[in-house]
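Chemist: Pasting query-v1.txt below, which is compact mmCIF, C-alpha atoms and all ligand atoms.
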# COMPACT_ATOMS: atom_id res chain seq x y z
CA MET M 1 0.00 0.00 0.00
CA LEU M 2 1.15 3.51 -0.70
CA ILE M 3 0.12 5.22 2.48
CA LYS M 4 2.40 4.59 5.38
CA ILE M 5 0.30 3.10 8.13
CA PRO M 6 2.16 1.32 10.88
CA ALA M 7 1.20 -2.27 11.47
CA SER M 8 -0.32 -3.26 14.75
CA GLY M 9 2.09 -2.85 17.61
CA GLU M 10 4.67 -0.98 15.56
CA CYS M 11 5.87 2.24 17.13
CA ARG M 12 8.15 4.82 15.58
CA GLU M 13 9.21 7.56 17.92
CA PRO M 14 10.04 10.31 15.35
CA GLU M 15 6.52 10.14 13.95
CA VAL M 16 4.97 10.21 17.37
CA THR M 17 6.97 13.31 18.21
CA ALA M 18 6.12 15.05 14.94
CA GLU M 19 2.44 14.45 15.28
CA ALA M 20 2.43 15.47 18.92
CA ALA M 21 3.24 19.00 17.82
CA TYR M 22 -0.33 19.14 16.60
CA LEU M 23 -2.21 16.52 18.51
CA ASN M 24 -2.69 16.15 22.19
CA ARG M 25 0.34 14.15 23.17
CA ARG M 26 -1.46 11.91 25.60
CA GLN M 27 -3.96 10.92 22.92
CA VAL M 28 -1.20 10.25 20.44
CA LEU M 29 0.66 8.05 22.83
CA ARG M 30 -2.49 6.20 23.72
CA GLY M 31 -3.31 5.76 20.03
CA LEU M 32 0.11 4.53 19.08
CA VAL M 33 1.09 2.71 22.23
CA CYS M 34 3.42 -0.18 21.52
CA SER M 35 1.26 -3.12 22.35
CA GLY M 36 0.33 -6.09 20.26
CA ALA M 37 -3.23 -5.76 21.49
CA VAL M 38 -3.75 -2.29 19.99
CA ALA M 39 -4.82 -2.08 16.38
CA GLY M 40 -2.74 0.11 14.06
CA LEU M 41 -5.55 2.42 13.01
CA PRO M 42 -7.25 4.92 15.29
CA SER M 43 -10.92 4.46 16.04
CA PHE M 44 -13.60 7.03 15.34
CA ALA M 45 -13.60 8.02 19.01
CA GLU M 46 -9.86 8.59 18.98
CA ALA M 47 -10.01 10.52 15.76
CA SER M 48 -12.85 12.71 17.06
CA GLU M 49 -10.78 13.51 20.09
CA ARG M 50 -7.76 14.37 17.96
CA TYR M 51 -9.74 17.02 16.21
CA SER M 52 -11.84 18.14 19.11
CA GLY M 53 -10.53 21.72 18.88
CA VAL M 54 -11.66 22.05 15.25
CA THR M 55 -15.01 23.65 14.60
CA THR M 56 -16.73 23.96 11.24
CA ALA M 57 -20.31 24.18 10.02
CA PRO M 58 -22.51 21.26 11.15
CA ALA M 59 -22.06 18.25 8.90
CA PRO M 60 -24.91 16.96 6.74
CA GLU M 61 -26.36 13.66 7.87
CA TRP M 62 -24.71 11.53 5.17
CA PHE M 63 -21.31 12.91 6.16
CA ALA M 64 -21.83 12.31 9.86
CA ASP M 65 -22.86 8.72 9.06
CA LYS M 66 -19.77 8.06 6.97
CA LEU M 67 -17.52 9.59 9.57
CA THR M 68 -18.25 6.84 12.05
CA ASN M 69 -16.61 4.24 9.83
CA ALA M 70 -13.99 6.34 8.13
CA ARG M 71 -10.54 4.84 7.77
CA TRP M 72 -8.28 7.11 9.81
CA GLN M 73 -4.62 7.46 9.10
CA ALA M 74 -2.54 6.73 12.17
CA VAL M 75 0.39 9.06 11.65
CA ALA M 76 1.57 12.00 9.58
CA PRO M 77 4.25 11.42 6.92
CA GLU M 78 7.61 10.75 8.52
CA GLY M 79 9.19 13.79 10.13
CA GLU M 80 6.19 16.04 9.45
CA ALA M 81 3.89 17.88 11.81
CA ILE M 82 0.32 18.54 10.77
CA THR M 83 -0.28 22.24 10.11
CA PRO M 84 -2.59 23.80 12.72
CA PHE M 85 -6.18 24.04 11.51
CA ALA M 86 -6.13 27.81 12.07
CA ASP M 87 -3.40 28.24 9.45
CA ALA M 88 -4.88 25.78 6.95
CA SER M 89 -8.25 27.53 7.12
CA GLN M 90 -7.11 31.15 7.18
CA TYR M 91 -4.26 31.30 4.70
CA ASN M 92 -5.84 30.31 1.41
CA ASN M 93 -5.85 30.70 -2.33
CA PHE M 94 -9.38 30.79 -3.70
CA TYR M 95 -9.50 33.64 -6.16
CA GLU M 96 -13.25 33.44 -6.56
CA PHE M 97 -13.33 35.15 -3.15
CA GLY M 98 -10.50 37.59 -3.72
CA PRO M 99 -6.77 37.68 -4.44
CA ASN M 100 -5.40 37.94 -0.89
CA LYS M 101 -4.67 35.04 1.45
CA ALA M 102 -7.19 36.23 4.05
CA ASP M 103 -10.01 36.89 1.55
CA PRO M 104 -11.36 33.33 1.26
CA ALA M 105 -11.80 32.89 5.03
CA ARG M 106 -13.54 36.25 5.18
CA HIS M 107 -15.85 35.91 2.19
CA ALA M 108 -16.39 32.23 1.32
CA SER M 109 -19.22 31.76 3.79
CA ALA M 110 -21.42 33.36 1.11
CA LEU M 111 -21.12 30.15 -0.94
CA LYS M 112 -24.19 27.93 -0.54
CA VAL M 113 -22.86 24.39 -0.34
CA GLU M 114 -26.09 22.55 0.42
CA PRO M 115 -27.61 21.05 -1.60
CA TRP M 116 -24.71 20.41 -3.97
CA THR M 117 -24.75 18.57 -7.26
CA VAL M 118 -21.99 17.50 -9.62
CA LEU M 119 -22.55 17.06 -13.35
CA ILE M 120 -20.67 14.05 -14.74
CA ASP M 121 -20.51 14.21 -18.51
CA GLY M 122 -18.42 13.66 -21.61
CA GLU M 123 -17.28 10.17 -22.56
CA VAL M 124 -19.65 8.24 -20.29
CA ASP M 125 -22.76 6.20 -21.07
CA GLN M 126 -25.18 8.41 -19.24
CA PRO M 127 -24.19 11.94 -18.46
CA ARG M 128 -26.04 12.92 -15.33
CA ARG M 129 -26.14 15.22 -12.37
CA TYR M 130 -25.42 13.59 -9.01
CA ALA M 131 -26.26 14.80 -5.56
CA LEU M 132 -22.97 14.88 -3.67
CA GLU M 133 -24.09 12.22 -1.20
CA ASP M 134 -24.96 9.85 -4.06
CA LEU M 135 -21.57 10.36 -5.59
CA CYS M 136 -19.97 9.28 -2.30
CA SER M 137 -22.53 6.65 -1.36
CA GLU M 138 -20.48 3.63 -2.44
CA SER M 139 -17.24 4.73 -0.83
CA GLN M 140 -15.76 4.70 2.62
CA LEU M 141 -14.20 7.96 3.76
CA GLU M 142 -10.44 7.79 4.09
CA GLU M 143 -8.11 10.12 5.89
CA ARG M 144 -4.95 11.11 3.99
CA ILE M 145 -2.32 13.29 5.60
CA TYR M 146 -0.57 14.97 2.67
CA ARG M 147 1.89 17.75 2.07
CA LEU M 148 0.39 20.61 0.04
CA ARG M 149 2.97 22.63 -1.93
CA CYS M 150 1.82 25.86 -3.57
CA VAL M 151 3.63 27.07 -6.68
CA GLU M 152 4.27 30.26 -4.68
CA ALA M 153 6.74 28.27 -2.55
CA TRP M 154 4.82 27.85 0.69
CA SER M 155 3.56 24.54 2.01
CA MET M 156 1.44 22.87 4.67
CA VAL M 157 0.61 19.35 5.89
CA ILE M 158 -3.14 18.72 5.83
CA PRO M 159 -5.22 15.76 7.02
CA TRP M 160 -7.86 15.39 4.29
CA LEU M 161 -10.95 13.21 4.38
CA GLY M 162 -12.25 11.94 1.10
CA VAL M 163 -12.62 9.17 -1.42
CA PRO M 164 -10.06 8.07 -3.99
CA LEU M 165 -10.96 9.60 -7.35
CA ALA M 166 -10.32 6.17 -8.89
CA GLN M 167 -13.35 4.80 -7.02
CA LEU M 168 -15.64 7.42 -8.48
CA ILE M 169 -14.24 6.82 -11.96
CA ARG M 170 -14.97 3.10 -11.66
CA GLN M 171 -18.46 3.89 -10.44
CA VAL M 172 -19.38 6.08 -13.43
CA GLN M 173 -17.55 3.90 -16.00
CA PRO M 174 -16.13 6.28 -18.60
CA HIS M 175 -15.49 5.03 -22.14
CA SER M 176 -11.99 4.03 -23.17
CA SER M 177 -12.01 7.12 -25.40
CA ALA M 178 -11.71 9.25 -22.26
CA LYS M 179 -8.05 10.22 -21.95
CA PHE M 180 -8.31 13.17 -19.58
CA ILE M 181 -10.63 14.53 -16.92
CA ARG M 182 -11.69 18.15 -16.81
CA PHE M 183 -12.90 19.65 -13.51
CA GLU M 184 -14.87 22.84 -13.14
CA THR M 185 -15.48 25.01 -10.06
CA ALA M 186 -18.84 26.65 -9.34
CA TYR M 187 -19.18 30.09 -10.89
CA ARG M 188 -21.69 32.16 -8.93
CA PRO M 189 -20.98 35.88 -9.07
CA GLU M 190 -23.68 36.63 -6.47
CA GLU M 191 -21.89 34.40 -3.96
CA MET M 192 -18.31 34.85 -5.15
CA ARG M 193 -17.31 38.43 -4.80
CA GLY M 194 -13.89 37.86 -6.35
CA THR M 195 -15.48 36.97 -9.68
CA ARG M 196 -17.46 40.20 -9.85
CA SER M 197 -14.58 42.59 -10.35
CA GLY M 198 -11.01 43.13 -9.25
CA PHE M 199 -9.01 40.11 -10.25
CA GLY M 200 -10.11 40.41 -13.86
CA LEU M 201 -7.38 38.22 -15.31
CA ILE M 202 -9.12 34.94 -14.70
CA ASP M 203 -11.59 33.59 -17.18
CA TRP M 204 -14.19 31.94 -14.90
CA PRO M 205 -15.10 29.24 -14.11
CA TYR M 206 -11.82 27.90 -12.70
CA VAL M 207 -10.88 24.77 -14.64
CA GLU M 208 -8.34 22.05 -13.95
CA GLY M 209 -7.48 18.72 -15.49
CA LEU M 210 -5.66 15.43 -15.10
CA ARG M 211 -4.51 12.73 -17.45
CA MET M 212 -6.50 9.54 -16.87
CA ASP M 213 -3.61 7.62 -15.31
CA GLU M 214 -2.98 10.52 -12.89
CA ALA M 215 -6.67 10.57 -12.02
CA MET M 216 -6.66 6.81 -11.38
CA HIS M 217 -3.57 6.96 -9.16
CA PRO M 218 -4.35 5.81 -5.59
CA LEU M 219 -2.93 9.01 -4.08
CA THR M 220 -5.43 11.21 -5.96
CA LEU M 221 -8.25 12.14 -3.64
CA LEU M 222 -11.62 13.82 -3.92
CA ALA M 223 -11.83 15.52 -0.54
CA VAL M 224 -15.08 16.27 1.26
CA GLY M 225 -13.45 17.08 4.59
CA MET M 226 -10.32 17.92 6.55
CA TYR M 227 -9.25 17.69 10.22
CA GLY M 228 -12.05 15.17 10.81
CA ARG M 229 -14.76 17.62 9.74
CA THR M 230 -16.45 18.87 6.57
CA LEU M 231 -14.37 21.22 4.45
CA PRO M 232 -14.54 24.88 5.39
CA ASN M 233 -15.86 26.84 2.39
CA GLN M 234 -12.53 28.59 1.96
CA ASN M 235 -10.84 25.22 1.49
CA GLY M 236 -13.18 24.22 -1.32
CA ALA M 237 -16.37 22.89 0.24
CA PRO M 238 -18.10 20.66 -0.34
CA LEU M 239 -15.91 18.80 -2.83
CA ARG M 240 -12.37 19.46 -4.00
CA LEU M 241 -9.55 17.63 -5.68
CA VAL M 242 -6.28 16.84 -3.88
CA VAL M 243 -3.26 15.79 -5.98
CA PRO M 244 -0.41 15.83 -3.48
CA TRP M 245 2.53 15.54 -5.90
CA LYS M 246 1.44 18.56 -7.96
CA TYR M 247 1.45 22.27 -7.21
CA GLY M 248 -1.59 23.37 -5.24
CA PHE M 249 -3.35 25.06 -8.13
CA LYS M 250 -4.17 21.64 -9.60
CA SER M 251 -6.23 20.88 -6.49
CA ILE M 252 -9.38 22.58 -7.72
CA LYS M 253 -12.04 23.60 -5.21
CA SER M 254 -15.85 23.52 -5.00
CA ILE M 255 -16.25 21.23 -8.01
CA VAL M 256 -19.60 21.23 -9.87
CA ARG M 257 -18.61 19.39 -13.03
CA ILE M 258 -16.39 16.44 -13.87
CA SER M 259 -16.05 15.75 -17.59
CA PHE M 260 -14.37 12.78 -19.24
CA VAL M 261 -12.73 14.12 -22.37
CA ARG M 262 -10.59 13.00 -25.31
CA GLU M 263 -8.21 15.95 -25.42
CA GLN M 264 -6.06 17.63 -22.81
CA PRO M 265 -8.29 20.32 -21.32
CA THR M 266 -7.38 23.99 -21.27
CA THR M 267 -6.80 24.83 -17.63
CA THR M 268 -7.05 28.16 -15.85
CA TRP M 269 -3.45 28.94 -14.88
CA GLN M 270 -1.95 27.39 -17.96
CA SER M 271 -4.11 29.45 -20.27
CA MET M 272 -3.35 32.66 -18.33
CA ALA M 273 0.42 32.28 -18.37
CA PRO M 274 1.57 29.16 -20.25
CA GLN M 275 5.26 30.01 -19.88
CA GLU M 276 4.86 30.04 -16.09
CA TYR M 277 2.29 27.35 -15.32
CA GLY M 278 2.11 24.03 -17.13
CA PHE M 279 -0.62 21.44 -17.41
CA TYR M 280 1.39 18.89 -15.43
CA ALA M 281 2.59 21.19 -12.63
CA ASN M 282 4.47 18.40 -10.88
CA VAL M 283 6.38 19.70 -7.87
CA ASN M 284 10.01 19.85 -8.97
CA PRO M 285 12.82 21.63 -7.12
CA LYS M 286 14.99 21.60 -10.27
CA VAL M 287 12.53 23.33 -12.57
CA SER M 288 12.34 26.98 -11.58
CA HIS M 289 9.38 29.21 -12.06
CA PRO M 290 10.53 31.95 -14.48
CA ARG M 291 10.37 34.46 -11.63
CA TRP M 292 11.60 32.42 -8.65
CA SER M 293 13.36 29.21 -7.70
CA GLN M 294 11.33 26.19 -6.62
CA ALA M 295 14.24 24.60 -4.74
CA ARG M 296 13.02 25.62 -1.28
CA GLU M 297 9.69 26.24 0.38
CA ARG M 298 8.29 28.01 3.43
CA ARG M 299 6.49 25.54 5.67
CA LEU M 300 3.57 27.29 7.36
CA PRO M 301 3.17 28.50 9.99
CA GLY M 302 6.36 30.53 9.99
CA SER M 303 7.23 34.04 10.99
CA LEU M 304 9.30 36.88 9.67
CA PHE M 305 12.12 35.87 12.01
CA SER M 306 11.70 32.15 11.52
CA PRO M 307 10.46 31.51 7.98
CA ASN M 308 10.73 27.73 8.48
CA LEU M 309 12.43 27.06 5.15
CA ARG M 310 13.01 23.55 3.86
CA ASP M 311 14.11 21.85 0.68
CA THR M 312 11.38 21.08 -1.82
CA LEU M 313 11.24 17.41 -2.76
CA LEU M 314 10.77 15.99 -6.25
CA PHE M 315 7.07 15.22 -6.73
CA ASN M 316 6.59 16.80 -3.30
CA GLY M 317 8.08 13.71 -1.68
CA TYR M 318 5.83 11.22 -3.49
CA ALA M 319 8.35 10.26 -6.22
CA GLU M 320 8.45 6.63 -5.18
CA GLN M 321 4.73 6.35 -5.86
CA VAL M 322 4.28 8.56 -8.93
CA ALA M 323 7.56 8.97 -10.85
CA GLY M 324 6.58 6.04 -13.06
CA LEU M 325 3.72 8.05 -14.53
CA TYR M 326 6.25 10.38 -16.15
CA SER M 327 9.12 8.07 -17.06
CA SER M 328 8.94 8.95 -20.76
CA MET M 329 8.60 12.70 -20.25
CA ASP M 330 11.12 15.52 -20.08
CA LEU M 331 10.01 17.18 -16.83
CA SER M 332 11.65 20.48 -17.73
CA LYS M 333 9.63 20.67 -20.96
CA ASP M 334 6.38 19.24 -19.62
CA TYR M 335 6.39 21.33 -16.46
N1 LIG M 401 -11.52 27.08 -7.72
C1 LIG M 401 -10.29 27.31 -7.24
N2 LIG M 401 -9.54 26.28 -6.81
C2 LIG M 401 -8.30 26.51 -6.32
C3 LIG M 401 -7.77 27.82 -6.29
C4 LIG M 401 -8.59 28.89 -6.74
O1 LIG M 401 -8.22 30.07 -6.74
N3 LIG M 401 -9.85 28.60 -7.20
N4 LIG M 401 -6.47 28.02 -5.84
C5 LIG M 401 -5.56 26.87 -5.92
C6 LIG M 401 -4.29 27.11 -5.28
S1 LIG M 401 -3.22 28.17 -6.08
C7 LIG M 401 -3.90 26.47 -4.14
S2 LIG M 401 -2.34 26.62 -3.51
C8 LIG M 401 -4.86 25.63 -3.38
C9 LIG M 401 -4.94 26.11 -1.95
O2 LIG M 401 -5.73 25.28 -1.18
P1 LIG M 401 -6.03 25.64 0.33
O3 LIG M 401 -6.51 27.05 0.38
O4 LIG M 401 -7.05 24.66 0.80
O5 LIG M 401 -4.72 25.50 1.06
O6 LIG M 401 -6.15 25.64 -3.95
C10 LIG M 401 -6.20 25.59 -5.38
N5 LIG M 401 -7.56 25.45 -5.84
MO MO M 402 -1.14 27.78 -5.21
Please render this file's structure as structure tokens.
Modeler:
Amino acid sequence: MLIKIPASGECREPEVTAEAAYLNRRQVLRGLVCSGAVAGLPSFAEASERYSGVTTAPAPEWFADKLTNARWQAVAPEGEAITPFADASQYNNFYEFGPNKADPARHASALKVEPWTVLIDGEVDQPRRYALEDLCSESQLEERIYRLRCVEAWSMVIPWLGVPLAQLIRQVQPHSSAKFIRFETAYRPEEMRGTRSGFGLIDWPYVEGLRMDEAMHPLTLLAVGMYGRTLPNQNGAPLRLVVPWKYGFKSIKSIVRISFVREQPTTTWQSMAPQEYGFYANVNPKVSHPRWSQARERRLPGSLFSPNLRDTLLFNGYAEQVAGLYSSMDLSKDY
């Protein structure tokens, strides 16, 4: 399996320490205590306690139901501490609500996320609109603690809750003619003040895309929650993509349409500035952005006096799992 989950009874001190920076240490130690009798995965009760300080809007019933048998990840990636919820939910990029990092947290509550439907169309037998809960009905929620690396050279570590995109793809059975997937964000000027004026460069709606093998990769997640709760609106409620080995802009928020297509879709950032942002956007310390190096990143939270810099890893640290997808490509050309 690709996600590091310690087997029953296994105990690795560095991970315990890293996670304790975020979680209540007593809980962590109880959850990971070295004893053959303790299962490797935390229970719902343990997970709820982990995230007891996190408050978001009340969850819809279907979500609350699924939460009780979600598969929780035991530990963060090796040597990583989970970013505090306050930072992950207040330092955001979501241009539909404004260009500044604090704008989404301030303005995204205007987005009505219930009820929510997603149109699935293109190369499928029966294009149709799904209620979000129907789209998730056949899947168990899984927690995935992933690094998120923005192209602007900052990063976080976020515990997502969601379903593998591959599961949804199998459920809707696209034709073999489908070579790419195109994702579209809601475009509602009445609710999204950033689309009304100001940041006039973007041609709404926000669009992203993946090649089919990238979409099918087990690390690719459709997130409906984070920190054991539903997604805050500013993080892309109620449904967003998470592709941990790519720059953050690929992880499109508040998705209303998923289209199976034959050709590589035209995506928002690539069409705005193709010499700066590519379709692939794989995290790569050796391929600089034309205006800055990508070799290092600022891990949030940091401060002016302690920017918390670290080396950026190829494929954001997921090379072992995903490098094979790109073995025949020149990563400096297909950036
Ligand atoms: N619809 C939409 N999705 C988006 C964006 C956006 O502006 N609009 N910003 C992207 C960028 S640049 C990043 S880094 C991540 C940030 O996700 P976060 O705010 O949850 O950390 O969302 C991505 N998804
Ligand atoms: Mo980003």
Chemist: With ligand MO 402 (chain M) as the partner and 6 Å as the cut-off, tabulate the residues of chain M that qualify, each row holding the nearest pair of atoms and their distance in Å to one decimal, using all atoms listed in the file, sorted by chain and rising number, as JSON lines.
Modeler:
{"residue": "M:Cys150", "atom": "CA", "partner": "M:MO402", "partner_atom": "MO", "distance": 3.9}
{"residue": "M:Val151", "atom": "CA", "partner": "M:MO402", "partner_atom": "MO", "distance": 5.0}
{"residue": "M:Glu152", "atom": "CA", "partner": "M:MO402", "partner_atom": "MO", "distance": 6.0}
{"residue": "M:Gly248", "atom": "CA", "partner": "M:MO402", "partner_atom": "MO", "distance": 4.4}
{"residue": "M:Phe249", "atom": "CA", "partner": "M:MO402", "partner_atom": "MO", "distance": 4.6}
Chemist: Listing only residues of chain M within 9 Å of ligand LIG 401 (chain M), what is the closest atom pair and its distance in Å (to one decimal) for each, using all atoms listed in the file, sorted by chain and residue number ascending, as a Markdown table?
Modeler:
| residue | atom | partner | partner_atom | distance |
| --- | --- | --- | --- | --- |
| M:Asp87 | CA | M:LIG401 | O5 | 8.9 |
| M:Ala88 | CA | M:LIG401 | O5 | 5.9 |
| M:Ser89 | CA | M:LIG401 | O3 | 7.0 |
| M:Gln90 | CA | M:LIG401 | O3 | 8.0 |
| M:Tyr91 | CA | M:LIG401 | O3 | 6.5 |
| M:Asn92 | CA | M:LIG401 | O3 | 3.5 |
| M:Asn93 | CA | M:LIG401 | N4 | 4.5 |
| M:Phe94 | CA | M:LIG401 | O1 | 3.3 |
| M:Tyr95 | CA | M:LIG401 | O1 | 3.8 |
| M:Glu96 | CA | M:LIG401 | N3 | 5.9 |
| M:Phe97 | CA | M:LIG401 | O1 | 8.1 |
| M:Gly98 | CA | M:LIG401 | O1 | 8.4 |
| M:Pro99 | CA | M:LIG401 | O1 | 8.1 |
| M:Lys101 | CA | M:LIG401 | O3 | 8.3 |
| M:Pro104 | CA | M:LIG401 | O3 | 8.0 |
| M:Leu148 | CA | M:LIG401 | O5 | 7.1 |
| M:Arg149 | CA | M:LIG401 | S2 | 6.8 |
| M:Cys150 | CA | M:LIG401 | S2 | 4.2 |
| M:Val151 | CA | M:LIG401 | S2 | 6.8 |
| M:Glu152 | CA | M:LIG401 | S2 | 7.6 |
| M:Trp154 | CA | M:LIG401 | S2 | 8.4 |
| M:Ser155 | CA | M:LIG401 | S2 | 8.3 |
| M:Met156 | CA | M:LIG401 | O5 | 7.6 |
| M:Ile158 | CA | M:LIG401 | O5 | 8.4 |
| M:Glu184 | CA | M:LIG401 | N1 | 7.7 |
| M:Thr185 | CA | M:LIG401 | N1 | 5.0 |
| M:Ala186 | CA | M:LIG401 | N1 | 7.5 |
| M:Tyr187 | CA | M:LIG401 | N1 | 8.8 |
| M:Pro205 | CA | M:LIG401 | N1 | 7.6 |
| M:Tyr206 | CA | M:LIG401 | N1 | 5.1 |
| M:Val207 | CA | M:LIG401 | N1 | 7.3 |
| M:Glu208 | CA | M:LIG401 | N2 | 8.4 |
| M:Leu231 | CA | M:LIG401 | O4 | 8.9 |
| M:Pro232 | CA | M:LIG401 | O4 | 8.8 |
| M:Gln234 | CA | M:LIG401 | O3 | 6.4 |
| M:Asn235 | CA | M:LIG401 | O4 | 3.9 |
| M:Gly236 | CA | M:LIG401 | O4 | 6.5 |
| M:Arg240 | CA | M:LIG401 | N5 | 7.9 |
| M:Leu241 | CA | M:LIG401 | N5 | 8.1 |
| M:Val242 | CA | M:LIG401 | O6 | 8.8 |
| M:Tyr247 | CA | M:LIG401 | S2 | 6.9 |
| M:Gly248 | CA | M:LIG401 | S2 | 3.8 |
| M:Phe249 | CA | M:LIG401 | C5 | 3.6 |
| M:Lys250 | CA | M:LIG401 | C10 | 6.1 |
| M:Ser251 | CA | M:LIG401 | N5 | 4.8 |
| M:Ile252 | CA | M:LIG401 | N2 | 3.8 |
| M:Lys253 | CA | M:LIG401 | N2 | 4.0 |
| M:Ser254 | CA | M:LIG401 | N1 | 6.2 |
| M:Ile255 | CA | M:LIG401 | N1 | 7.5 |
| M:Trp269 | CA | M:LIG401 | S1 | 8.8 |
Chemist: Find the spatial neighbours of Arg229 of chain M, counting all atoms listed in the file, within a cut-off of 8 Å - ignore same-chain residues fewer than 3 positions away - and output them as a list in words.
Modeler: Val54, Thr55, Thr56, Ala59, Leu161, Gly225 and Met226 of chain M
Chemist: Out of M:Arg144, M:Lys112, M:Lys333, M:Arg129, which residue has the shortest atom-to-atom distance to Val243 of chain M when counting all atoms listed in the file?
Modeler: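 Ranking M:Arg144, M:Lys112, M:Lys333, M:Arg129 by distance to Val243 of chain M, first place goes to M:Arg144.
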Chemist: Can you tell me, as a PyMOL selection string, which residues sit within 8 Å of (-8.3, 10.7, 0.9) in the file's frame, using only C-alpha atoms?
Modeler: chain M and resi 141-144+160-164+219-223
Chemist: Convert the current residue selection to file output with C-alpha atoms, as an mmCIF file, in the frame of the given file.
Modeler:
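Saved result, selection.cif, follows:
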data_model
loop_
_atom_site.group_PDB
_atom_site.id
_atom_site.type_symbol
_atom_site.label_atom_id
_atom_site.label_comp_id
_atom_site.auth_asym_id
_atom_site.auth_seq_id
_atom_site.Cartn_x
_atom_site.Cartn_y
_atom_site.Cartn_z
ATOM 1 C CA LEU M 141 -14.200 7.960 3.760
ATOM 2 C CA GLU M 142 -10.440 7.790 4.090
ATOM 3 C CA GLU M 143 -8.110 10.120 5.890
ATOM 4 C CA ARG M 144 -4.950 11.110 3.990
ATOM 5 C CA TRP M 160 -7.860 15.390 4.290
ATOM 6 C CA LEU M 161 -10.950 13.210 4.380
ATOM 7 C CA GLY M 162 -12.250 11.940 1.100
ATOM 8 C CA VAL M 163 -12.620 9.170 -1.420
ATOM 9 C CA PRO M 164 -10.060 8.070 -3.990
ATOM 10 C CA LEU M 219 -2.930 9.010 -4.080
ATOM 11 C CA THR M 220 -5.430 11.210 -5.960
ATOM 12 C CA LEU M 221 -8.250 12.140 -3.640
ATOM 13 C CA LEU M 222 -11.620 13.820 -3.920
ATOM 14 C CA ALA M 223 -11.830 15.520 -0.540
#
Chemist: From (8.0, 34.3, 4.8), in the file's coordinates, out to 12 Å: which residues are reached, counting all atoms listed in the file? Answer as number ranges by chain.
Modeler: M: 152-155, 296-310
Chemist: Include C-alpha atoms and write out the residues we just selected as an mmCIF file, in the coordinates of the input.
Modeler:
data_model
loop_
_atom_site.group_PDB
_atom_site.id
_atom_site.type_symbol
_atom_site.label_atom_id
_atom_site.label_comp_id
_atom_site.auth_asym_id
_atom_site.auth_seq_id
_atom_site.Cartn_x
_atom_site.Cartn_y
_atom_site.Cartn_z
ATOM 1 C CA GLU M 152 4.270 30.260 -4.680
ATOM 2 C CA ALA M 153 6.740 28.270 -2.550
ATOM 3 C CA TRP M 154 4.820 27.850 0.690
ATOM 4 C CA SER M 155 3.560 24.540 2.010
ATOM 5 C CA ARG M 296 13.020 25.620 -1.280
ATOM 6 C CA GLU M 297 9.690 26.240 0.380
ATOM 7 C CA ARG M 298 8.290 28.010 3.430
ATOM 8 C CA ARG M 299 6.490 25.540 5.670
ATOM 9 C CA LEU M 300 3.570 27.290 7.360
ATOM 10 C CA PRO M 301 3.170 28.500 9.990
ATOM 11 C CA GLY M 302 6.360 30.530 9.990
ATOM 12 C CA SER M 303 7.230 34.040 10.990
ATOM 13 C CA LEU M 304 9.300 36.880 9.670
ATOM 14 C CA PHE M 305 12.120 35.870 12.010
ATOM 15 C CA SER M 306 11.700 32.150 11.520
ATOM 16 C CA PRO M 307 10.460 31.510 7.980
ATOM 17 C CA ASN M 308 10.730 27.730 8.480
ATOM 18 C CA LEU M 309 12.430 27.060 5.150
ATOM 19 C CA ARG M 310 13.010 23.550 3.860
#
Chemist: What is the atom CA of Tyr146 of chain M to atom CA of Ala323 of chain M distance in Å?
Modeler: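 Between atom CA of Tyr146 of chain M and atom CA of Ala323 of chain M the gap works out to 16.9 Å.
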Chemist: Tell me which of M:Ile181, M:Val157, M:Val113, M:Ala108 sits closest to Thr266 of chain M, counting all atoms listed in the file.
Modeler: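 The closest residue to Thr266 of chain M is M:Ile181.
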Chemist: For the atom pair atom CA of Leu119 of chain M and atom CA of Arg257 of chain M, what is the interatomic distance in Å to one decimal place?
Modeler: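 Atom-to-atom, atom CA of Leu119 of chain M to atom CA of Arg257 of chain M, that is 4.6 Å.
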Chemist: For atom CA of Glu133 of chain M and atom CA of Gly40 of chain M, determine how far apart the two atoms are, in Å to one decimal place.
Modeler: 28.9 Å
Chemist: Looking at all atoms listed in the file, which of M:Met212, M:Pro115, M:Glu123, M:Arg147 is the one that sits closest to Glu78 of chain M?
Modeler: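 Residue with the minimum atom-to-atom distance to Glu78 of chain M: M:Arg147.
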Chemist: Only C-alpha atoms needed: put segment 288-306 of chain M from the block into a file as an mmCIF file, in the first residue's frame.
Modeler:
data_model
loop_
_atom_site.group_PDB
_atom_site.id
_atom_site.type_symbol
_atom_site.label_atom_id
_atom_site.label_comp_id
_atom_site.auth_asym_id
_atom_site.auth_seq_id
_atom_site.Cartn_x
_atom_site.Cartn_y
_atom_site.Cartn_z
ATOM 1 C CA SER M 288 12.337 26.982 -11.581
ATOM 2 C CA HIS M 289 9.377 29.206 -12.064
ATOM 3 C CA PRO M 290 10.535 31.945 -14.480
ATOM 4 C CA ARG M 291 10.374 34.461 -11.634
ATOM 5 C CA TRP M 292 11.604 32.417 -8.645
ATOM 6 C CA SER M 293 13.357 29.209 -7.697
ATOM 7 C CA GLN M 294 11.333 26.194 -6.619
ATOM 8 C CA ALA M 295 14.244 24.600 -4.745
ATOM 9 C CA ARG M 296 13.022 25.623 -1.284
ATOM 10 C CA GLU M 297 9.688 26.238 0.380
ATOM 11 C CA ARG M 298 8.294 28.006 3.435
ATOM 12 C CA ARG M 299 6.488 25.544 5.674
ATOM 13 C CA LEU M 300 3.573 27.286 7.362
ATOM 14 C CA PRO M 301 3.174 28.505 9.989
ATOM 15 C CA GLY M 302 6.363 30.533 9.995
ATOM 16 C CA SER M 303 7.231 34.044 10.988
ATOM 17 C CA LEU M 304 9.304 36.882 9.670
ATOM 18 C CA PHE M 305 12.117 35.870 12.015
ATOM 19 C CA SER M 306 11.701 32.150 11.519
#
